[in-house]
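For reference, data30.cif is printed below; it contains mmCIF, C-alpha atoms.
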```cif
data_query
#
loop_
_atom_site.label_atom_id
_atom_site.label_comp_id
_atom_site.auth_asym_id
_atom_site.auth_seq_id
_atom_site.Cartn_x
_atom_site.Cartn_y
_atom_site.Cartn_z
CA ALA A 1 -7.86 -78.77 -59.62
CA GLN A 2 -9.77 -81.90 -58.79
CA SER A 3 -10.03 -82.90 -55.15
CA VAL A 4 -11.92 -85.29 -52.91
CA THR A 5 -13.17 -84.83 -49.35
CA GLN A 6 -14.32 -87.76 -47.28
CA LEU A 7 -16.27 -86.63 -44.23
CA GLY A 8 -15.47 -88.72 -41.18
CA SER A 9 -12.17 -90.54 -40.91
CA HIS A 10 -13.87 -93.18 -38.75
CA VAL A 11 -17.44 -94.46 -38.97
CA SER A 12 -18.91 -97.05 -36.61
CA VAL A 13 -22.14 -98.94 -37.27
CA SER A 14 -23.86 -101.95 -35.77
CA GLU A 15 -24.16 -105.15 -37.73
CA GLY A 16 -27.33 -104.96 -39.82
CA ALA A 17 -27.45 -101.16 -39.81
CA LEU A 18 -27.23 -98.86 -42.80
CA VAL A 19 -23.75 -97.93 -43.96
CA LEU A 20 -23.28 -94.39 -45.32
CA LEU A 21 -19.82 -93.15 -46.24
CA ARG A 22 -19.64 -89.61 -47.55
CA CYS A 23 -17.60 -88.32 -50.47
CA ASN A 24 -17.65 -84.84 -51.99
CA TYR A 25 -15.55 -83.89 -54.97
CA SER A 26 -14.53 -80.82 -56.86
CA SER A 27 -13.90 -81.02 -60.56
CA SER A 28 -13.90 -78.53 -63.40
CA VAL A 29 -14.88 -81.21 -65.87
CA PRO A 30 -17.49 -83.99 -65.77
CA PRO A 31 -15.94 -86.33 -63.23
CA TYR A 32 -15.09 -89.97 -63.23
CA LEU A 33 -15.43 -91.24 -59.65
CA PHE A 34 -14.35 -94.40 -57.90
CA TRP A 35 -14.74 -96.15 -54.56
CA TYR A 36 -11.98 -98.54 -53.51
CA VAL A 37 -11.87 -100.73 -50.40
CA GLN A 38 -8.79 -101.79 -48.45
CA TYR A 39 -9.11 -104.77 -46.12
CA PRO A 40 -6.52 -105.07 -43.34
CA ASN A 41 -3.00 -105.69 -44.61
CA GLN A 42 -4.11 -105.80 -48.24
CA GLY A 43 -3.97 -103.59 -51.29
CA LEU A 44 -6.94 -101.63 -52.58
CA GLN A 45 -9.64 -103.23 -54.71
CA LEU A 46 -12.36 -101.60 -56.76
CA LEU A 47 -15.86 -101.45 -55.25
CA LEU A 48 -17.53 -99.43 -58.01
CA LYS A 49 -17.03 -96.57 -60.45
CA TYR A 50 -19.06 -93.82 -62.09
CA THR A 51 -18.20 -93.10 -65.70
CA SER A 52 -21.09 -90.81 -66.72
CA ALA A 53 -23.59 -93.52 -67.50
CA ALA A 54 -26.24 -94.31 -64.84
CA THR A 55 -26.10 -92.03 -61.80
CA LEU A 56 -26.83 -94.93 -59.42
CA VAL A 57 -23.91 -97.32 -59.57
CA LYS A 58 -23.99 -100.80 -58.09
CA GLY A 59 -20.81 -102.45 -56.93
CA ILE A 60 -19.59 -105.58 -55.28
CA ASN A 61 -20.69 -106.92 -51.89
CA GLY A 62 -24.03 -105.06 -51.96
CA PHE A 63 -22.57 -101.55 -52.05
CA GLU A 64 -23.90 -98.78 -54.26
CA ALA A 65 -23.24 -95.09 -54.78
CA GLU A 66 -25.25 -92.27 -56.28
CA PHE A 67 -23.68 -89.48 -58.31
CA LYS A 68 -25.36 -86.16 -57.51
CA LYS A 69 -24.00 -83.37 -59.65
CA SER A 70 -25.94 -80.61 -57.86
CA GLU A 71 -24.41 -81.65 -54.54
CA THR A 72 -21.00 -82.66 -55.99
CA SER A 73 -21.35 -85.86 -54.01
CA PHE A 74 -20.78 -89.56 -54.54
CA HIS A 75 -21.79 -91.16 -51.25
CA LEU A 76 -21.39 -94.91 -50.70
CA THR A 77 -24.21 -96.90 -49.10
CA LYS A 78 -25.08 -100.42 -48.09
CA PRO A 79 -28.47 -101.29 -46.56
CA SER A 80 -27.20 -103.78 -43.98
CA ALA A 81 -23.65 -103.93 -42.64
CA HIS A 82 -21.81 -107.21 -42.17
CA MET A 83 -18.82 -107.80 -39.95
CA SER A 84 -16.83 -108.55 -43.10
CA ASP A 85 -17.39 -104.95 -44.30
CA ALA A 86 -14.92 -103.63 -41.71
CA ALA A 87 -12.22 -101.99 -43.82
CA GLU A 88 -10.95 -98.64 -45.04
CA TYR A 89 -12.80 -97.04 -47.93
CA PHE A 90 -11.35 -94.54 -50.36
CA CYS A 91 -13.15 -92.25 -52.76
CA ALA A 92 -11.18 -91.07 -55.78
CA VAL A 93 -11.67 -88.71 -58.72
CA VAL A 94 -9.82 -88.64 -62.02
CA ASN A 95 -7.77 -85.46 -62.23
CA ALA A 96 -6.69 -83.31 -65.18
CA GLY A 97 -3.70 -85.56 -65.80
CA ASN A 98 -5.93 -88.63 -66.10
CA MET A 99 -4.60 -89.88 -62.77
CA LEU A 100 -6.53 -90.68 -59.60
CA THR A 101 -6.74 -88.21 -56.73
CA PHE A 102 -7.73 -90.04 -53.55
CA GLY A 103 -9.58 -88.83 -50.50
CA GLY A 104 -8.11 -89.35 -47.05
CA GLY A 105 -10.11 -92.52 -46.44
CA THR A 106 -12.83 -93.59 -44.01
CA ARG A 107 -12.30 -96.50 -41.66
CA LEU A 108 -15.54 -98.43 -41.20
CA MET A 109 -15.97 -100.37 -37.97
CA VAL A 110 -18.86 -102.84 -37.57
CA LYS A 111 -20.02 -103.69 -34.06
CA PRO A 112 -21.67 -107.06 -33.35
CA ASN B 1 -3.07 -115.86 -61.25
CA ALA B 2 -0.87 -113.73 -58.98
CA GLY B 3 -2.04 -110.28 -60.19
CA VAL B 4 0.31 -107.61 -58.82
CA THR B 5 3.16 -108.75 -56.60
CA GLN B 6 5.51 -106.60 -54.54
CA THR B 7 8.75 -107.35 -52.72
CA PRO B 8 9.71 -106.97 -49.98
CA LYS B 9 6.68 -106.86 -47.69
CA PHE B 10 8.53 -105.07 -44.91
CA GLN B 11 11.79 -103.12 -44.79
CA VAL B 12 13.63 -101.07 -42.21
CA LEU B 13 16.32 -98.66 -43.41
CA LYS B 14 18.64 -96.20 -41.77
CA THR B 15 18.70 -92.62 -42.97
CA GLY B 16 20.87 -92.35 -46.07
CA GLN B 17 20.59 -95.99 -47.12
CA SER B 18 19.25 -96.91 -50.54
CA MET B 19 16.89 -99.62 -51.65
CA THR B 20 14.72 -100.73 -54.54
CA LEU B 21 11.11 -101.84 -54.24
CA GLN B 22 10.12 -104.38 -56.84
CA CYS B 23 6.74 -104.75 -58.54
CA ALA B 24 5.53 -107.18 -61.17
CA GLN B 25 2.16 -107.84 -62.82
CA ASP B 26 1.07 -110.83 -64.86
CA MET B 27 -2.08 -109.34 -66.39
CA ASN B 28 -0.43 -107.93 -69.53
CA HIS B 29 -1.34 -104.41 -68.44
CA ASN B 30 0.18 -101.43 -70.21
CA SER B 31 0.19 -98.94 -67.33
CA MET B 32 1.80 -99.17 -63.90
CA TYR B 33 1.89 -96.88 -60.88
CA TRP B 34 3.66 -96.31 -57.58
CA TYR B 35 1.76 -94.74 -54.67
CA ARG B 36 2.56 -94.01 -51.08
CA GLN B 37 -0.07 -94.21 -48.36
CA ASP B 38 0.16 -92.07 -45.23
CA PRO B 39 -2.47 -91.86 -42.48
CA GLY B 40 -5.25 -89.42 -43.27
CA MET B 41 -3.82 -88.56 -46.67
CA GLY B 42 -5.12 -91.37 -48.80
CA LEU B 43 -2.82 -92.53 -51.58
CA ARG B 44 -0.54 -90.13 -53.43
CA LEU B 45 0.97 -90.91 -56.80
CA ILE B 46 4.77 -90.96 -56.88
CA TYR B 47 5.50 -92.03 -60.48
CA TYR B 48 3.66 -93.82 -63.22
CA SER B 49 4.43 -95.54 -66.48
CA ALA B 50 1.78 -95.23 -69.15
CA SER B 51 3.43 -97.87 -71.29
CA GLU B 52 6.65 -99.84 -71.55
CA GLY B 53 9.57 -97.47 -72.02
CA THR B 54 7.91 -94.37 -70.55
CA THR B 55 7.80 -92.95 -67.03
CA ASP B 56 6.36 -89.71 -65.65
CA LYS B 57 6.29 -87.89 -62.35
CA GLY B 58 3.24 -87.94 -60.18
CA GLU B 59 2.27 -85.74 -57.26
CA VAL B 60 5.20 -86.54 -54.91
CA PRO B 61 8.26 -87.67 -56.96
CA ASN B 62 11.05 -86.01 -54.96
CA GLY B 63 13.52 -88.50 -53.50
CA TYR B 64 12.44 -91.35 -55.78
CA ASN B 65 13.39 -92.82 -59.13
CA VAL B 66 11.67 -95.50 -61.17
CA SER B 67 12.51 -97.97 -63.90
CA ARG B 68 10.05 -99.70 -66.21
CA LEU B 69 12.22 -102.72 -66.83
CA ASN B 70 9.79 -104.39 -69.24
CA LYS B 71 6.04 -104.64 -69.61
CA ARG B 72 5.73 -106.72 -66.42
CA GLU B 73 8.06 -104.96 -64.00
CA PHE B 74 8.19 -101.47 -62.53
CA SER B 75 10.66 -100.73 -59.74
CA LEU B 76 10.90 -97.81 -57.32
CA ARG B 77 14.27 -96.71 -55.95
CA LEU B 78 15.08 -94.62 -52.92
CA GLU B 79 18.63 -93.34 -53.41
CA SER B 80 19.10 -91.83 -49.95
CA ALA B 81 16.27 -92.70 -47.61
CA ALA B 82 14.88 -90.08 -45.22
CA PRO B 83 12.50 -90.51 -42.26
CA SER B 84 9.85 -88.60 -44.25
CA GLN B 85 9.77 -91.57 -46.63
CA THR B 86 8.45 -93.85 -43.90
CA SER B 87 5.20 -95.03 -45.46
CA VAL B 88 3.35 -97.92 -47.06
CA TYR B 89 4.11 -98.19 -50.76
CA PHE B 90 1.66 -99.66 -53.25
CA CYS B 91 2.22 -100.65 -56.82
CA ALA B 92 -0.75 -100.82 -59.18
CA SER B 93 -1.41 -101.61 -62.81
CA SER B 94 -4.22 -100.92 -65.27
CA PRO B 95 -5.00 -102.28 -68.73
CA ARG B 96 -4.64 -99.11 -70.80
CA GLY B 97 -4.12 -96.20 -68.40
CA GLY B 98 -7.35 -94.55 -69.48
CA ALA B 99 -9.38 -92.32 -67.18
CA THR B 100 -12.00 -94.98 -66.53
CA ASP B 101 -9.56 -97.87 -66.14
CA THR B 102 -9.71 -99.94 -62.99
CA GLN B 103 -6.40 -100.05 -61.19
CA TYR B 104 -5.28 -103.33 -59.61
CA PHE B 105 -3.15 -103.01 -56.50
CA GLY B 106 -0.43 -105.12 -54.95
CA PRO B 107 -0.35 -105.96 -51.23
CA GLY B 108 2.06 -103.15 -50.34
CA THR B 109 5.52 -102.68 -48.84
CA ARG B 110 5.73 -101.22 -45.35
CA LEU B 111 8.92 -99.12 -45.14
CA THR B 112 10.36 -97.60 -42.00
CA VAL B 113 13.29 -95.20 -42.18
CA LEU B 114 15.08 -94.60 -38.89
#
```

I need this file expressed as structure tokens, please.
Amino acid sequence: AQSVTQLGSHVSVSEGALVLLRCNYSSSVPPYLFWYVQYPNQGLQLLLKYTSAATLVKGINGFEAEFKKSETSFHLTKPSAHMSDAAEYFCAVVNAGNMLTFGGGTRLMVKP
Amino acid sequence: NAGVTQTPKFQVLKTGQSMTLQCAQDMNHNSMYWYRQDPGMGLRLIYYSASEGTTDKGEVPNGYNVSRLNKREFSLRLESAAPSQTSVYFCASSPRGGATDTQYFGPGTRLTVL
């Protein structure tokens, strides 16, 4: 069965520092992978998705993620954090039923 | 362009009460979904509707029923609320329901069952 593990339920970075949010997946088939972001008191919105084309995927707001099959990882990065990046981030994989299985989420805090 | 709307935003119920959460989308999407979000567990799929007239169970359907009223609207009903159903509920829609489809989420309904 497909599953997603997000290491670190809370990550804190200083403004201007590198953001790295970790996601590891398990899948018996070539995966489709997503990162969604949830700003306070809002629904989720898509940051980026991997659909078996380029392994380095660029998303909105300067975020990108690299699909690494050998490591079963799809980590999310941003070179320089902004205060506005404070939010909860969810990694998700498409499961055998063509539905999304979400990780537990990582709350990103940005310190001034 | 409203996207996905949900009502109500907040609700408090007593154990055993019933209620219906409403969801509507104005993007002409075929597929709609209901999720619940609990701390540390991400989002879990309750029910989905691949197209108008069809509904299917997701990961955690027990205690819930759904109705796909038309292409725009997809409601979630709790017949006899339990404290374990205290959660934030999100409705989402996607154009075709395919594996690579982007899902568009509503703002959520925060439900507390006492």

Residue nearest Gly104 (chain A) among A:Gly59, A:Ser73, A:Phe90, A:Leu33 (counting only C-alpha atoms): A:Phe90

How would you write, as a count of residues only, the residues chosen by the PyMOL selection byres ((chain A) within 7 of (chain B)) on this structure? 14

Can you list, as an mmCIF file with C-alpha atoms, keeping the file's coordinate frame, every protein, DNA or RNA residue that comes within 12 Å of region 62-69 of chain A when you count only C-alpha atoms, leaving out same-chain residues fewer than 3 positions away?
```cif
data_model
loop_
_atom_site.group_PDB
_atom_site.id
_atom_site.type_symbol
_atom_site.label_atom_id
_atom_site.label_comp_id
_atom_site.auth_asym_id
_atom_site.auth_seq_id
_atom_site.Cartn_x
_atom_site.Cartn_y
_atom_site.Cartn_z
ATOM 1 C CA LEU A 18 -27.230 -98.860 -42.800
ATOM 2 C CA VAL A 19 -23.750 -97.930 -43.960
ATOM 3 C CA LEU A 20 -23.280 -94.390 -45.320
ATOM 4 C CA LEU A 21 -19.820 -93.150 -46.240
ATOM 5 C CA ARG A 22 -19.640 -89.610 -47.550
ATOM 6 C CA CYS A 23 -17.600 -88.320 -50.470
ATOM 7 C CA ASN A 24 -17.650 -84.840 -51.990
ATOM 8 C CA TYR A 25 -15.550 -83.890 -54.970
ATOM 9 C CA SER A 26 -14.530 -80.820 -56.860
ATOM 10 C CA SER A 27 -13.900 -81.020 -60.560
ATOM 11 C CA SER A 28 -13.900 -78.530 -63.400
ATOM 12 C CA VAL A 29 -14.880 -81.210 -65.870
ATOM 13 C CA PRO A 30 -17.490 -83.990 -65.770
ATOM 14 C CA PRO A 31 -15.940 -86.330 -63.230
ATOM 15 C CA TYR A 32 -15.090 -89.970 -63.230
ATOM 16 C CA LEU A 33 -15.430 -91.240 -59.650
ATOM 17 C CA PHE A 34 -14.350 -94.400 -57.900
ATOM 18 C CA TRP A 35 -14.740 -96.150 -54.560
ATOM 19 C CA TYR A 36 -11.980 -98.540 -53.510
ATOM 20 C CA VAL A 37 -11.870 -100.730 -50.400
ATOM 21 C CA LEU A 46 -12.360 -101.600 -56.760
ATOM 22 C CA LEU A 47 -15.860 -101.450 -55.250
ATOM 23 C CA LEU A 48 -17.530 -99.430 -58.010
ATOM 24 C CA LYS A 49 -17.030 -96.570 -60.450
ATOM 25 C CA TYR A 50 -19.060 -93.820 -62.090
ATOM 26 C CA THR A 51 -18.200 -93.100 -65.700
ATOM 27 C CA SER A 52 -21.090 -90.810 -66.720
ATOM 28 C CA ALA A 53 -23.590 -93.520 -67.500
ATOM 29 C CA ALA A 54 -26.240 -94.310 -64.840
ATOM 30 C CA THR A 55 -26.100 -92.030 -61.800
ATOM 31 C CA LEU A 56 -26.830 -94.930 -59.420
ATOM 32 C CA VAL A 57 -23.910 -97.320 -59.570
ATOM 33 C CA LYS A 58 -23.990 -100.800 -58.090
ATOM 34 C CA GLY A 59 -20.810 -102.450 -56.930
ATOM 35 C CA THR A 72 -21.000 -82.660 -55.990
ATOM 36 C CA SER A 73 -21.350 -85.860 -54.010
ATOM 37 C CA PHE A 74 -20.780 -89.560 -54.540
ATOM 38 C CA HIS A 75 -21.790 -91.160 -51.250
ATOM 39 C CA LEU A 76 -21.390 -94.910 -50.700
ATOM 40 C CA THR A 77 -24.210 -96.900 -49.100
ATOM 41 C CA LYS A 78 -25.080 -100.420 -48.090
ATOM 42 C CA PRO A 79 -28.470 -101.290 -46.560
ATOM 43 C CA SER A 80 -27.200 -103.780 -43.980
ATOM 44 C CA ALA A 81 -23.650 -103.930 -42.640
ATOM 45 C CA HIS A 82 -21.810 -107.210 -42.170
ATOM 46 C CA SER A 84 -16.830 -108.550 -43.100
ATOM 47 C CA ASP A 85 -17.390 -104.950 -44.300
ATOM 48 C CA TYR A 89 -12.800 -97.040 -47.930
ATOM 49 C CA CYS A 91 -13.150 -92.250 -52.760
#
```

Just give me the gap between CA of Ile46 (chain B) and CA of Thr5 (chain A) in Å, one decimal is fine. 20.4 Å

Between CA of Ala24 (chain B) and CA of Arg72 (chain B), measure the distance and give it in Å to one decimal.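 CA of Arg72 (chain B) lies 5.3 Å from CA of Ala24 (chain B).
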
So which one's closest to Gln85 (chain B), B:Asn62, B:Gln6, B:Ser31, B:Ser51? Using all atoms listed in the file, please.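 That would be B:Asn62, the residue with the smallest distance to Gln85 (chain B).
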
Pull the neighbourhood of (12.0, -94.0, -44.8) for me: all residues within 10 Å in file coordinates, counting all atoms listed in the file, as a list in words.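 Residues close enough to count: Gln11, Val12, Leu13, Lys14, Thr15, Gly16, Gln17, Ser18, Leu78, Ser80, Ala81, Ala82, Pro83, Ser84, Gln85, Thr86, Ser87, Val88, Arg110, Leu111, Thr112, Val113 and Leu114 of chain B.
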
Within 10 Å of Met109 (chain A), counting only C-alpha atoms, which residues qualify if same-chain residues fewer than 3 places away don't, as a list in words?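 Counting only C-alpha atoms, the residues come to His10, Val11, Ser12, Val13, Ser14, Glu15, Ala81, His82, Met83, Ser84, Asp85, Ala86, Ala87, Glu88, Thr106 and Pro112 of chain A.
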
Evaluate the PyMOL selection byres ((chain B and resi 95) around 6) on the structure here and hand back the selected residues as an NGL selection string. :B and (29-30 or 94 or 96)

For Gly97 (chain A), the nearest of the candidates B:Met32, B:Gln25, B:Gly3, B:Ala50, counting only C-alpha atoms: B:Ala50

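The result of the PyMOL selection byres ((chain B and resi 23) around 6) on the shown file is B:Thr5, B:Gln6, B:Gln22, B:Ala24, B:Glu73, B:Phe74, B:Ser75.
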
Which distance in Å separates CA of Ile60 (chain A) and CA of Val4 (chain A), to one decimal? 21.8 Å
